[in-house]
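Structure record follows, encoded as C-alpha cells.
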Amino acid sequence: MALRGGHAAAAAGVSSGSEDDNEEAGFSRSYFLAKEKEPSSGKKRARAAGKLSDLNLVDEQVLRASLAEIPPKHEREVEALTRSYKEQYRNWLFELRCGFGLLMYGFGSKKMLLEDFASTTLSDFTVIVVNGYLPSINLKQEVLVILWRTFDFYIKALNSAKFSALLPFQVIVTIAEIFWEQTKLKRKRQTATRSQLQPFASQSIDDIISFLNNQTSDNGDDNVCLLIHNIDGPALRDTESQQYLAQVSCCPQVHVVASVDHVNAPLLWDKKMVHTQFKWSWYHVPTFAPYKVEGMHFSSLYTKCRERFLVSSQVTLNSHLTEFKDHDLVKIRKHSDGQDCLHIPLVSDALEKLLQELT
Amino acid sequence: MAAPPGEAPLTAATNIEPFYVLHKGGAAASSSSSSAPSLPSSGRARRRIDVSGPASPNPKPGKRSRDDDAAEDDDDDELYERLRLDAFHCVWSKIQSTINEVLRGISLKLFDQVLRWVQESFSAVRSIARPSAAEVRQPYPLLTDVICRKIPTAFVLTKNAEFVDDITTFRDLAEYLESNGCHLAKLSATELSEKNGVGCCFRSLLRQLLSDVPDVADIFALASWYSAAENYDQPIVVVIDDLEQCSGDVLGELVMILSEWVIKIPIFFVMGIATTLDAPRKLLSSEALQRLEPCKLTLGSPSDRMNALVEAILVKPCAGFCISHEVAVFLRNYFFKHDGTITSFISALKLACSKHFSVEPLSFLCMGMLEEDRENFWHDKFNALPQELRKYASGLPSCTREKDSTKSGDNMVDGLSELMNIQKDWSSVLLCLYEAGKHGKVQLLDIFCEAVNPDLHTQKAPNLPNEKSGTSRRFIDQVMDTIRYLPVETLFCLLEVWSIHLNGMDKITNKVKELQSTTISTDSVRITKDKWPRRSTNSTGNSTVALNDKVAMLLDDVTRKFLVSVECLPFHEIVCFKNALIGNPRRMVQLDLVKSHKHLKCSCCRKNGIAVSASMHDTSIMCNLAQEYGDVINLHDWYISFDGIINSVHSKIKRKPHTSPSKKKSKPVAAESEAMIQAVTELQITGLLRMPSKRRPDLVQRIAFGL
C-alpha cells in the first residue's frame with residue numbers, strides 16, 4: 001500500500017485557504033469531475049503519486065444507486081450508544097435550569113439525540129429548532145420569503161441587522177413574539193391580531209433584545225429553549241450571527257442547547273461570549289450516527305436548494321425590491337429616525353388571506 | 001408567526017427549514033399533550049414543593065399497586081431534584097455575592113485614587129478659569145494657551161490577561177464615580193471605531209448625558225447642556241475601558257475637539273490599558289498625545305485577586321460547597337498555565353457547583369451549612385428522606401470505608417457537623433500557612449491544592465530525608481523554609497496574625513502566645529529540647545533552637561494534625577464535587593474516530609488485534625489511515641488503502657455491493673467508493689479535513705494534527 005504517496009505532493013504546496021473554503025462542498029463533485037476527465041492515454045499518469053483518475057471509478061448513477069443500499073455498520077451499537085445518553089437527560093435539564101447553555105460535541109450526528117432530548121425532557125419549554133447546517137444562502141432566501149409574509153413587522157428591525165445575520169435576527173423576533181403572545185394571554189386579551197405586535201414594529205434589534213431581557217417570570221413554563229443544530233454551521237458562522245445568538249442566550253428566560261461538529265468551533269467565540277453570555281457546559285456525546293441531513297446539505301442538496309431560490313445576494317434582493325416598488329407591491333416610507341421602511345399597501349385582512357394562500 | 005407553528009414532524013421537509021417551533025411549553029403543551037404520548041412527563045400533574053419546610057416523606061400506608069409506587073418514586077425524584085436546584089441557586093448566589101464583595105474590595109483602593117484625581121483635576125481646571133454659563137455656550141474657545149488645552153487623562157493599567165476580567169471593574173468604577181457626583185459616560189471600542197467615526201462617539205456621549213438628544217449631535221449641544229446650573233459644578237468623566245481596541249484616528253479626533261473646550265467643559269478621560277503604558281503612544285498621533293495630561297494608575301494583579309478569591313470562596317467556609325483535589329488541580333492549571341482570567345476560573349467553579357448539585361442526590365443538604373440551626377435542619381431532612389436515599393447515604397464510599405468505626409448513614413447529622421468542625425480547623429491552619437507563604441511569594445491556590453490532597457493526610461510522619469514527599473508537600477515545605485529565614489520582627493507580626501486565624505483552637509493558640517511571650521534576643525532563644533522536639537535529623541543533642549525553627553516546627557505539627565483533606569472525611573461526598581472537569585473538544589473528536597471501538601463497545605473491531613479492521617466505522621478507518629500522512633493526503637492512495645482494508649483477506653465482514661449481478665461484475669467498487677465519499681464528507685464536517693481545490697483535485701489537506 002502506498003500510504004505515503006501524499007508527501008511528494010505536499011512539497012508542491014496546496015491552494016490557499018480561501019479558495020478551499022469555497023470548495024468545501026465539492027468533494028463529490030471533484031470525484032465525478034475526475035471521472036469525466038479520465039485521461040485517454042496513460043502518458044499523463046503520475047509516476048510518483050497516484051491520481052484519482054487512475055481509479056476505475058463507477059458511473060455516477062451506479063454510485064447514487066448504491067448510496068441507499070450500503071449496509072450500515074454497527075447499527076445496534078450506535079443505537080445503544082445514543083440510547084445510553086438518555087440517562088443524562090435529567091442532568092442536562094438541571095444544568096439548563098442552573099443557567100448554563102448546553103454544548104454537545106463529539107463525532108456523529110447529534111440531531112436526533114437533541115430532538116429526542118427536547119421532545120422527552122423539555123416539555124415545559126417552548127422549543128425552537130434552528131438548523132445551522134443549512135447553507136447560508138438557503139437561509140437568507142427562506143428568511144426573505146418569511147419576510148414577505150409579514151413584511152411591515154420585520155423590515156424596520158431588519159434595517160438594524162446585518163444581512164448575514166438574518167437567521168438569528170429572525171429567531172430573536174420569533175422569541176419576542178412568543179413572549180408577547182404569553183403576555184397577551186396573561187392579560188386575557190383575546191383578540192390576537194398582528195396589529196397588536198405593533199410594539200416591535202418600530203424597534204431595532206437592540207430594543208427587541210432589551211424587551212427580552214425584561215421578561216422575567218417565576219413560572220418555568222414561560223421558558224424558551226433554542227435548540228441549535230450545528231451552531232458552527234455555514235448558516236451561523238459569521239460574527240454577527242454569533243453575537244446575536246450570544247446576546248439572546250443571556251436573556252433571562254431563554255436557554256440554549258446547541259451542537260458543534262467542527263473541531264475548531266470554539267474559535268467562534270471570545271471569552272466574554274463563552275463565559276458571560278453563552279455560559280457553555282460542554283458535553284462529549286459521540287453518537288457515530290451518520291450525518292444524513294447535514295451531509296446532504298454540504299454537497300448535493302446545496303445545488304438543489306440553490307435552484308429553488310429566488311435571490312442569492314443583496315444585489316438581487318435590491319433589484320427585486322425595485323421591481324416590486326415599480327409595480328406598487330411595496331411602498332417606502334421614511335421613518336422618524338431617517339431609515340427607510342418598506343410596507344405592503346394592503347389591509348391586514350388581505351395580508352392574512354395572502355399569507356394563507358402562500359402557505 | 002414567522003416559523004411554521006408547532007407540531008412540526010421530523011421529516012426531510014422540516015430539515016430544510018432554517019428554524020421551526022418544535023413544541024410550545026406551558027399551557028399550550030398541556031392542552032396538546034393528549035395527542036402526544038411520547039412526552040412522558042407532560043401528562044402528570046406536578047407537585048409544588050415548599051423548599052423552606054422539611055420535605056415530607058412518603059408514608060406508603062397499606063398495600064399499594066406497583067404503578068402507585070412507581071409514580072411516587074417519580075414524584076420523590078422530582079421533589080429532590082427541585083430541592084437540589086434551589087440549593088444550587090442559594091449556594092451559588094452566596095458565592096457570587098462573596099466574589100463581588102471581594103473584587104470590589106480590591107478595586108476600591110483604585111476607585112478612591114481615581115476619584116481623588118478627578119477632584120484634583122477639576123479644581124485645577126477651575127483655578128485656571130471659571131467661565132460663566134453664557135461664556136460656556138459661546139461657540140469659540142475661551143483660551144488659546146496650550147496649557148489650557150490639555151485633557152487630564154488617567155491611564156489605568158489593568159495587567160489582566162484578557163479584557164473580560166476588566167468588564168466588571170470598569171462598570172463598578174463608573175458606578176462609583178457617578179455615585180460620587182461625577183457626570184459619567186462610557187465609550188466602547190465599537191463606538192470608537194473607523195466605521196462609526198467621531199460623530200457616533202458624540203451621539204453616544206450625548207445619549208448618556210442628556211435626557212433629550214438633539215438631531216445634530218455636536219459639541220455645542222454638550223456645551224449648552226453643561227452650562228445649565230444643575231450640571232455646571234461637576235466634572236464629566238468619560239471611561240474608555242479597552243484603549244488598545246479603539247481606532248487611534250477616531251480617538252485622536254475626539255481628543256482634539258474636546259481639548260479645545262476643556263476649560264469650558266471639564267471632560268476627563270479614564271482609559272483602561274491592558275498591555276503596557278506606551279500603548280497610547282503607539283495608538284495616538286503626537287499631536288493628540290500632547291493634548292493629554294497623563295496620570296498613571298495601576299489595578300491589582302490577577303494573582304492578587306485570585307488569592308483573595310480563593311481565600312474567600314474556597315478556604316473560608318463561605319457556602320458549604322467545596323471541591324476535590326482533582327478539580328482544584330484542574331482549576332489551578334487552567335488558570336496559571338492556560339487561561340489566566342478570573343472570569344474563566346469563576347465560570348468553571350460555577351459549572352463544578354452546578355454539576356455537583358446535579359449528580360449528587362444528597363447535595364441539597366449543603367443548604368444546612370448556611371442555616372443557623374444546621375443540626376436541626378439536617379435532622380428534619382434526614383428524617384424525611386425516603387428509604388432509598390437513606391440507603392444511599394449509608395452506602396457512601398466515605399462511610400463504608402470506615403465501617404468498623406462508629407460512622408454510618410444513621411448518624412449522618414453528626415458526621416456532617418463533625419465535617420464542618422474539621423473543615424473550620426483546616427481552614428484556619430491553611431490561612432496560617434498562607435500568611436507565612438506570602439513572604440515567600442507563594443500563591444494561595446498552590447497551597448490550597450496541596451491542602452485538599454487526600455494523600456497529604458496519609459503521610460502523617462514528618463519528612464525523612466529519603467521520603468518521596470516532594471510532590472505532595474512542595475509548597476507547604478516552601479512555606480516552612482520561608483519561615484526559617486524571616487526576620488524576627490516579621491515573625492512576631494506573623495504570630496500576631498496567626499493568633500487571629502487560630503481563634504477557637506485553644507491549644508494551638510496557647511502555643512502561639514507562648515512563642516510571642518518568649519523572652520528573646522535578636523537572633524535566638526533558648527528552650528528545652530523536650531518541649532520543642534526538633535524533627536530535623538541534625539537536631540539531636542542541640543538544645544538551642546532558633547525562634548524561626550520553633551515557629552516552623554509549630555506550623556509543621558499543626559499542619560500534620562489539622563490539615564485533613566475533606567476527601568478523607570465521612571459524608572464529604574455531600575458537599576464536595578469530585579468529578580473531573582474535561583475540556584479539549586479538538587482532541588476528543590479525533591480520539592472518537594481513532595478509538596471508535598471504545599465508544600461503540602463492539603466485539604468485532606479489535607478481535608484480531610489489528611489496529612484498523614474492515615468492520616470498523618468507515619470514517620474511523622479513513623481517520624486512522626490519515627494518521628499516516630503529512631499535511632496533505634493523496635486521494636488515490638488513500639482510496640487504495642481504504643479499499644485494501646475493506647477487502648482485506650483477514651476481514652470476514654466483507655461489504656457486499658448491492659448492485660445488479662451484471663453491474664457487480666463490471667463495477668465492483670461502487671460500495672467502497674460511496675463509503676469513502678461519505679467518510680471523507682464526515683471528516684470534512686468535523687473540520688479534520690479540507691476538500692480538494694480545483695487546481696489540485698487529487699489532494700486533500702489535513703487540518704488537525706496530534707492528539
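Chain labels A, B, ... are given in the sequence in which chains occur in the C-alpha cells; within each chain residues are numbered consecutively from 1, and ligands are likewise numbered from 1 in the order shown.
Neighbours of Pro168 of chain A closer than or equal to 7 Å, with only C-alpha atoms counted and sequence neighbours fewer than 3 positions away skipped, come out as Ala165, Val171, Ile172, Ser241, Tyr244 and Leu245 of chain A.
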Kindly save the residues from that selection, with C-alpha atoms included, as a PDB file, in the first residue's frame.
ATOM      1  CA  ALA A 165     -27.210  37.594  10.434  1.00  0.00           C
ATOM      2  CA  VAL A 171     -35.159  33.687  15.632  1.00  0.00           C
ATOM      3  CA  ILE A 172     -34.919  36.568  18.092  1.00  0.00           C
ATOM      4  CA  SER A 241     -24.864  35.776  13.870  1.00  0.00           C
ATOM      5  CA  TYR A 244     -26.858  37.999  18.198  1.00  0.00           C
ATOM      6  CA  LEU A 245     -27.126  34.425  19.454  1.00  0.00           C
TER       7      LEU A 245
END
Interatomic distance, atom CA of Cys399 of chain B to atom CA of Pro570 of chain B (Å, one decimal):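 For atom CA of Cys399 of chain B relative to atom CA of Pro570 of chain B, the distance reads 5.2 Å.
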Picked from segment 308-385 of chain B by DSSP as helix (DSSP H, G or I), as number ranges by chain: B: 308-315, 325-338, 342-359, 363-370, 374-384
Name the residues of segment 233-324 of chain B that come out as strand (DSSP E or B) in a backbone DSSP run; write them as a list in words.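 Put together, the selection reads Ile236, Val237, Val238, Val239, Ile240, Ile267, Phe268, Phe269, Val270, Met271, Gly272, Ile273, Leu292, Glu293, Pro294, Cys295, Lys296, Leu297, Thr298, Cys322 and Ile323 of chain B.
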Using only C-alpha atoms, can you tell me which of A:Tyr89, A:Phe107, A:Phe324, A:Phe100 comes closest to Pro286 of chain A?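 The closest residue to Pro286 of chain A is A:Phe107.
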Using only C-alpha atoms: which of A:Glu95, A:Glu75, A:Glu323, A:Asp238 has the shortest distance to chain B: A:Glu95
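Nearest to chain B of all the residues A:Tyr133, A:Phe169, A:Phe125, A:Tyr283 is A:Phe125, counting only C-alpha atoms.
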